[in-house]
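Read the structure below first, then the notes.
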Number of protein chains: 2
Amino acid sequence: MPRRSLAPRASAAGDGPSMTLAGQVLALMRNDILELRLEPGSKLLFETLREKYDVGLSPLRESLSRLVVEGLVVGEDRRGFRVAPITEEDFYDLASLRREIEILSVTRSVERGRDMWEAELSRAFRHMTELDAKRSDYKQEWSTRHQAFHEALVSACGSPRLLLLRRQLFDQFMRYQRIAPRHVWRSAFHDTDHKTILDAAIARDVEKCRALIKTHIKVSDVIVEAIRVLADKPVA
Amino acid sequence: MPRRSLAPRASAAGDGPSMTLAGQVLALMRNDILELRLEPGSKLLFETLREKYDVGLSPLRESLSRLVVEGLVVGEDRRGFRVAPITEEDFYDLASLRREIEILSVTRSVERGRDMWEAELSRAFRHMTELDAKRSDYKQEWSTRHQAFHEALVSACGSPRLLLLRRQLFDQFMRYQRIAPRHVWRSAFHDTDHKTILDAAIARDVEKCRALIKTHIKVSDVIVEAIRVLADKPVA
DNA sequence: TATAGATTTTTTATCGAAAATAATGTCAGA
DNA sequence: TCTGACATTATTTTCGATAAAAAATCTATA
């Protein structure tokens with residue numbers, strides 16, 4: 001019974017029909033890492049992965065290689081791979097670079113964005129804020145829409161490289177956000193940052209946007225605390 | 001007769017003794033691309049690569065996957081890989097992002113660098129300028145030392161992520177530089193930019209450093225012209 | 001001549017076995 | 001009990017074969 005966990009060839013969903021096996025595994029593993037289903041720092045055994053994703057070694061190896069360059073997996077020659085660890089140091093580094101990159105992206109986007117961009121941005125904002133809080137997949141869905149909002153914000157920046165990099169840093173940052181206890185998420189849902197950012201963007205106030213983004217991406221104490229807690233119980 | 005083009009296991013050089021085959025191929029291919037021995041935009045046939053690097057498919061595939069994320073190779077599902085094309089658009093994008101990243105790196109480095117950093121930077125500068133112009137491998141060697149100088153300049157920035165990204169962008173930028181005709185290189189050897197940058201860095205004049213780097217990384221007409229020439233004779 | 005369809009050839013993607021290496025366990029001797 | 005050599009086991013890395021897909025070629029027909 002092959003292809004257990006994977007779509008039975010050519011799914012109707014957005015993941016793509018003629019996608020290569022390695023590509024599918026890459027996407028799955030990336031999600032599993034970003035959503036902490038694969039524990040930070042944990043060893044990635046080929047045998048385990050082979051069962052989990054029901055593929056051979058070649059696609060696995062390929063996916064892992066790509067994830068190494070993306071910074072979500074670390075690999076040591078001849079002693080395998082592990083999920084990129086979560087450390088306080090790394091979080092500071094990550095936050096600091098993401099801040100700069102987001103500022104850069106938003107600056108250019110606000111400068112260059114046209115009507116279409118404005119409309120899409122507003123739409124993304126509504127889509128995020130009008131989400132029914134009673135849904136069972138609230139947290140998951142809010143994450144998606146939150147990401148979409150930030151993506152819409154910078155989408156007009158005009159630089160493929162910048163967009164790609166920004167997305168990678170955003171993803172990595174969200175992995176850190178996720179380790180925070182539940183009540184932190186609650187407050188995130190209701191913060192006023194995004195409304196303010198939206199208004200400044202529509203008003204084409206570049207300087208205000210930069211300032212807002214700068215404070216929006218913060219190294220919150222709660223997360224640093226969560227990192228410390230995590231560090232105390234070392235992984236396999 | 002296996003391992004033709006590769007070191008016969010455990011070389012004394014810096015490339016590492018216990019390096020994995022895939023790792024060696026990755027390094028070789030990266031160089032071949034950056035130094036234009038693999039033509040921009042050209043198709044990368046597995047059979048050809050297998051002969052060229054004398055390895056099986058697994059290490060090849062792994063290397064290519066990594067290079068895709070690094071931006072030196074592009075791959076389409078089920079129709080293989082090709083060397084990342086060189087285009088005018090991409091050059092502008094690359095230059096613009098590299099400029100920002102270099103400015104960021106140099107800023108932090110100058111702010112944080114200590115005596116050791118100063119010393120190393122000066123040493124790197126001398127090493128670059130005192131190179132014997134009569135050497136047969138002048139161009140190649142100057143490139144190496146030029147890269148080393150820029151690396152020394154930012155080495156104190158304190159962010160692994162930033163350093164990695166900077167290096168990737170630097171490499172990609174140099175690939176574009178290389179397509180310029182020979183006489184452009186000549187003038188690059190004798191420019192005064194680096195001396196000025198060195199002085200400003202040692203004097204801890206952050207603002208001046210930023211300004212200097214900003215103009216140092218320019219989209220020169222000569223290169224744009226070279227790109228256009230290249231675009232007229234399409235590749236295989 | 002142009003074109004659609006079928007056929008062949010070329011090329012890529014995947015698997016499982018085998019080789020190479022690292023990790024672990026065992027045991028004799030100090 | 002500790003240490004180091006040796007053997008055993010676990011894991012990673014690589015190869016070659018095979019399946020799947022895409023590209024190229026050919027052919028018959030309008």
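Letters A, B, ... mark the chains of the structure tokens in the order given; residue numbers begin at 1 per chain; ligand numbers begin at 1, in order shown.
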Taking the chain letters and numbering used in this document, name the residues of range 19-110 of chain B that DSSP puts in strand (DSSP E), as a VMD selection string. chain B and resid 43 to 44 73 to 75 81 to 83
Residues of chain A were defined as contacting chain B if any atom lay at most 8 Å from it, counting only C-alpha atoms; please report them as a PyMOL selection string. chain A and resi 18-20+58+61-63+65-66+68-70+77-78+93-94+97+159-162
Let me see the file: selected residues, N, CA and C atoms, as a short mmCIF file (atom, residue, chain, number, x, y, z; two decimals), in the first residue's frame.
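out12.cif was written with the following content:
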data_model
loop_
_atom_site.label_atom_id
_atom_site.label_comp_id
_atom_site.auth_asym_id
_atom_site.auth_seq_id
_atom_site.Cartn_x
_atom_site.Cartn_y
_atom_site.Cartn_z
N SER A 18 1.26 17.67 -10.74
CA SER A 18 2.45 17.04 -11.27
C SER A 18 3.66 17.33 -10.39
N MET A 19 3.40 17.62 -9.12
CA MET A 19 4.49 17.93 -8.21
C MET A 19 5.33 16.68 -7.99
N THR A 20 6.59 16.88 -7.91
CA THR A 20 7.46 15.75 -7.67
C THR A 20 7.35 15.27 -6.22
N SER A 58 15.89 8.91 -1.69
CA SER A 58 16.27 10.01 -2.58
C SER A 58 15.45 11.27 -2.35
N ARG A 61 16.39 12.83 1.08
CA ARG A 61 17.69 13.50 1.07
C ARG A 61 17.61 14.86 0.37
N GLU A 62 16.89 14.86 -0.73
CA GLU A 62 16.75 16.09 -1.48
C GLU A 62 16.03 17.16 -0.65
N SER A 63 14.95 16.76 -0.02
CA SER A 63 14.21 17.72 0.80
C SER A 63 15.07 18.24 1.94
N SER A 65 18.25 18.45 2.14
CA SER A 65 19.29 19.35 1.62
C SER A 65 18.75 20.76 1.44
N ARG A 66 17.57 20.82 0.85
CA ARG A 66 16.99 22.14 0.63
C ARG A 66 16.70 22.83 1.95
N VAL A 68 18.17 22.50 4.70
CA VAL A 68 19.41 22.97 5.32
C VAL A 68 19.72 24.38 4.86
N VAL A 69 19.62 24.60 3.55
CA VAL A 69 19.92 25.93 3.02
C VAL A 69 18.88 26.94 3.49
N GLU A 70 17.64 26.47 3.67
CA GLU A 70 16.60 27.37 4.16
C GLU A 70 16.77 27.70 5.64
N ASP A 77 28.07 16.41 8.15
CA ASP A 77 28.49 15.37 7.23
C ASP A 77 28.63 14.01 7.92
N ARG A 78 27.97 13.07 7.34
CA ARG A 78 28.07 11.67 7.77
C ARG A 78 27.48 11.40 9.14
N ASP A 93 19.19 37.00 16.74
CA ASP A 93 19.75 37.18 15.40
C ASP A 93 18.64 37.23 14.36
N LEU A 94 17.75 36.25 14.46
CA LEU A 94 16.64 36.15 13.52
C LEU A 94 15.77 37.40 13.56
N LEU A 97 17.45 40.48 11.98
CA LEU A 97 17.52 40.50 10.52
C LEU A 97 16.13 40.64 9.90
N SER A 159 10.86 43.11 -5.72
CA SER A 159 12.09 42.33 -5.72
C SER A 159 11.84 40.88 -5.34
N PRO A 160 11.94 39.97 -6.31
CA PRO A 160 11.72 38.56 -6.02
C PRO A 160 12.63 38.05 -4.91
N ARG A 161 13.88 38.45 -4.95
CA ARG A 161 14.83 38.01 -3.93
C ARG A 161 14.40 38.46 -2.55
N LEU A 162 14.01 39.70 -2.45
CA LEU A 162 13.61 40.26 -1.16
C LEU A 162 12.39 39.53 -0.64
#
Using only C-alpha atoms (C1' of nucleotides) and a distance of at most 8 Å, pull out the residues of chain B that contact chain C, as a list in words.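 The complete set of qualifying residues is Leu45, Arg78, Arg79 and Gly80 of chain B.
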Please produce an output containing N, CA and C atoms for each residue in the selection, written as a compact mmCIF listing (two decimals), in the first residue's frame.
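So the final result, stored in out-v1.txt, reads:
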# COMPACT_ATOMS: atom_id res chain seq x y z
N LEU B 45 22.42 18.57 -17.71
CA LEU B 45 22.06 17.17 -17.93
C LEU B 45 22.73 16.28 -16.91
N ARG B 78 10.35 17.87 -12.87
CA ARG B 78 10.29 16.86 -13.94
C ARG B 78 10.90 17.33 -15.26
N ARG B 79 11.49 18.49 -15.28
CA ARG B 79 12.24 18.83 -16.47
C ARG B 79 13.61 19.40 -16.13
N GLY B 80 14.12 18.90 -15.02
CA GLY B 80 15.52 19.11 -14.71
C GLY B 80 15.95 20.47 -14.23
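Using only C-alpha atoms (C1' of nucleotides) for every distance, the candidate list D:DT8, D:DA20, D:DT3, D:DT13 yields D:DT13 as the residue closest to chain A.
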Determine which residues of range 33-144 of chain A receive a DSSP assignment of alpha helix (DSSP H), computed from the backbone, and state them as an MDAnalysis selection string. chainID A and resid 33:34 46:53 57:70 88:112 115:129 138:144
Now that the selection is made, can you save its residues with C-alpha atoms as a compact mmCIF listing (two decimals), in the first residue's frame?
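Written out: part-v7.txt:
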# COMPACT_ATOMS: atom_id res chain seq x y z
CA ILE A 33 9.05 21.85 11.40
CA LEU A 34 7.40 25.25 11.34
CA PHE A 46 16.04 8.34 7.76
CA GLU A 47 14.24 5.21 8.76
CA THR A 48 11.74 7.21 10.80
CA LEU A 49 11.19 9.75 8.06
CA ARG A 50 10.81 7.01 5.51
CA GLU A 51 7.90 5.58 7.47
CA LYS A 52 6.40 8.95 8.35
CA TYR A 53 6.28 10.27 4.80
CA LEU A 57 15.72 7.87 0.48
CA SER A 58 16.27 10.01 -2.58
CA PRO A 59 13.35 12.39 -2.12
CA LEU A 60 14.08 12.60 1.59
CA ARG A 61 17.69 13.50 1.07
CA GLU A 62 16.75 16.09 -1.48
CA SER A 63 14.21 17.72 0.80
CA LEU A 64 16.58 17.75 3.73
CA SER A 65 19.29 19.35 1.62
CA ARG A 66 16.99 22.14 0.63
CA LEU A 67 15.82 22.66 4.18
CA VAL A 68 19.41 22.97 5.32
CA VAL A 69 19.92 25.93 3.02
CA GLU A 70 16.60 27.37 4.16
CA GLU A 88 17.93 32.52 22.56
CA GLU A 89 20.92 33.69 20.58
CA ASP A 90 19.43 32.57 17.31
CA PHE A 91 16.15 34.26 18.11
CA TYR A 92 17.84 37.61 18.62
CA ASP A 93 19.75 37.18 15.40
CA LEU A 94 16.64 36.15 13.52
CA ALA A 95 14.48 38.94 14.89
CA SER A 96 17.06 41.54 14.12
CA LEU A 97 17.52 40.50 10.52
CA ARG A 98 13.83 40.02 9.93
CA ARG A 99 13.17 43.50 11.25
CA GLU A 100 15.55 45.01 8.74
CA ILE A 101 14.26 42.95 5.84
CA GLU A 102 10.62 43.66 6.62
CA ILE A 103 11.36 47.36 6.86
CA LEU A 104 13.10 47.28 3.51
CA SER A 105 10.27 45.37 1.88
CA VAL A 106 7.51 47.50 3.27
CA THR A 107 9.28 50.69 2.32
CA ARG A 108 9.56 49.78 -1.32
CA SER A 109 6.11 48.27 -1.38
CA VAL A 110 4.42 51.37 -0.01
CA GLU A 111 6.38 53.51 -2.43
CA ARG A 112 5.51 51.42 -5.44
CA ASP A 115 -4.56 50.69 -6.49
CA MET A 116 -4.64 46.94 -6.90
CA TRP A 117 -2.16 46.60 -4.09
CA GLU A 118 -4.17 48.81 -1.79
CA ALA A 119 -7.32 46.84 -2.52
CA GLU A 120 -5.62 43.50 -1.93
CA LEU A 121 -4.10 44.73 1.29
CA SER A 122 -7.43 45.92 2.65
CA ARG A 123 -9.02 42.67 1.63
CA ALA A 124 -6.31 40.67 3.41
CA PHE A 125 -6.83 42.74 6.53
CA ARG A 126 -10.55 42.16 6.57
CA HIS A 127 -10.03 38.50 5.90
CA MET A 128 -7.84 38.33 8.98
CA THR A 129 -9.98 40.36 11.35
CA TYR A 138 -9.01 29.28 14.77
CA LYS A 139 -5.33 29.48 15.66
CA GLN A 140 -4.23 27.67 12.52
CA GLU A 141 -6.46 29.70 10.26
CA TRP A 142 -5.54 32.99 11.87
CA SER A 143 -1.88 32.18 11.29
CA THR A 144 -2.51 31.66 7.62
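Residues from chain D found within 12 Å of chain B are D:DT12, D:DT13, D:DT14, D:DC15, D:DG16, D:DA20, D:DA21, D:DA22, D:DA23, counting only C-alpha atoms (C1' of nucleotides).
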Written selection (C-alpha atoms (C1' of nucleotides)) as a tab-separated table (two decimals), in the first residue's frame:
chain	number	residue	atom	x	y	z
D	12	DT	C1'	24.30	7.48	6.63
D	13	DT	C1'	25.87	7.78	1.91
D	14	DT	C1'	26.32	6.14	-2.59
D	15	DC	C1'	25.41	3.38	-6.59
D	16	DG	C1'	22.94	1.16	-10.47
D	20	DA	C1'	7.66	7.51	-15.12
D	21	DA	C1'	7.53	11.50	-17.72
D	22	DA	C1'	8.82	14.76	-21.32
D	23	DA	C1'	10.81	15.77	-25.74
Could you give me, as a list in words, the residues within 8 Å of Leu44 in chain B, counting only C-alpha atoms (C1' of nucleotides) and dropping anything in the same chain fewer than 6 positions from it?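 Everything that qualifies: Gly80, Phe81, Arg82 and Val83 of chain B.
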What separates CA of Ala133 in chain A and CA of Asp191 in chain A is a distance of 14.4 Å
By how many Å are CA of Ile213 in chain B and CA of Ala148 in chain B apart?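 For CA of Ile213 in chain B relative to CA of Ala148 in chain B, the distance reads 15.7 Å.
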What does the structure give for the distance between CA of Asp171 in chain B and CA of Arg167 in chain A, in Å to one decimal? 21.7 Å
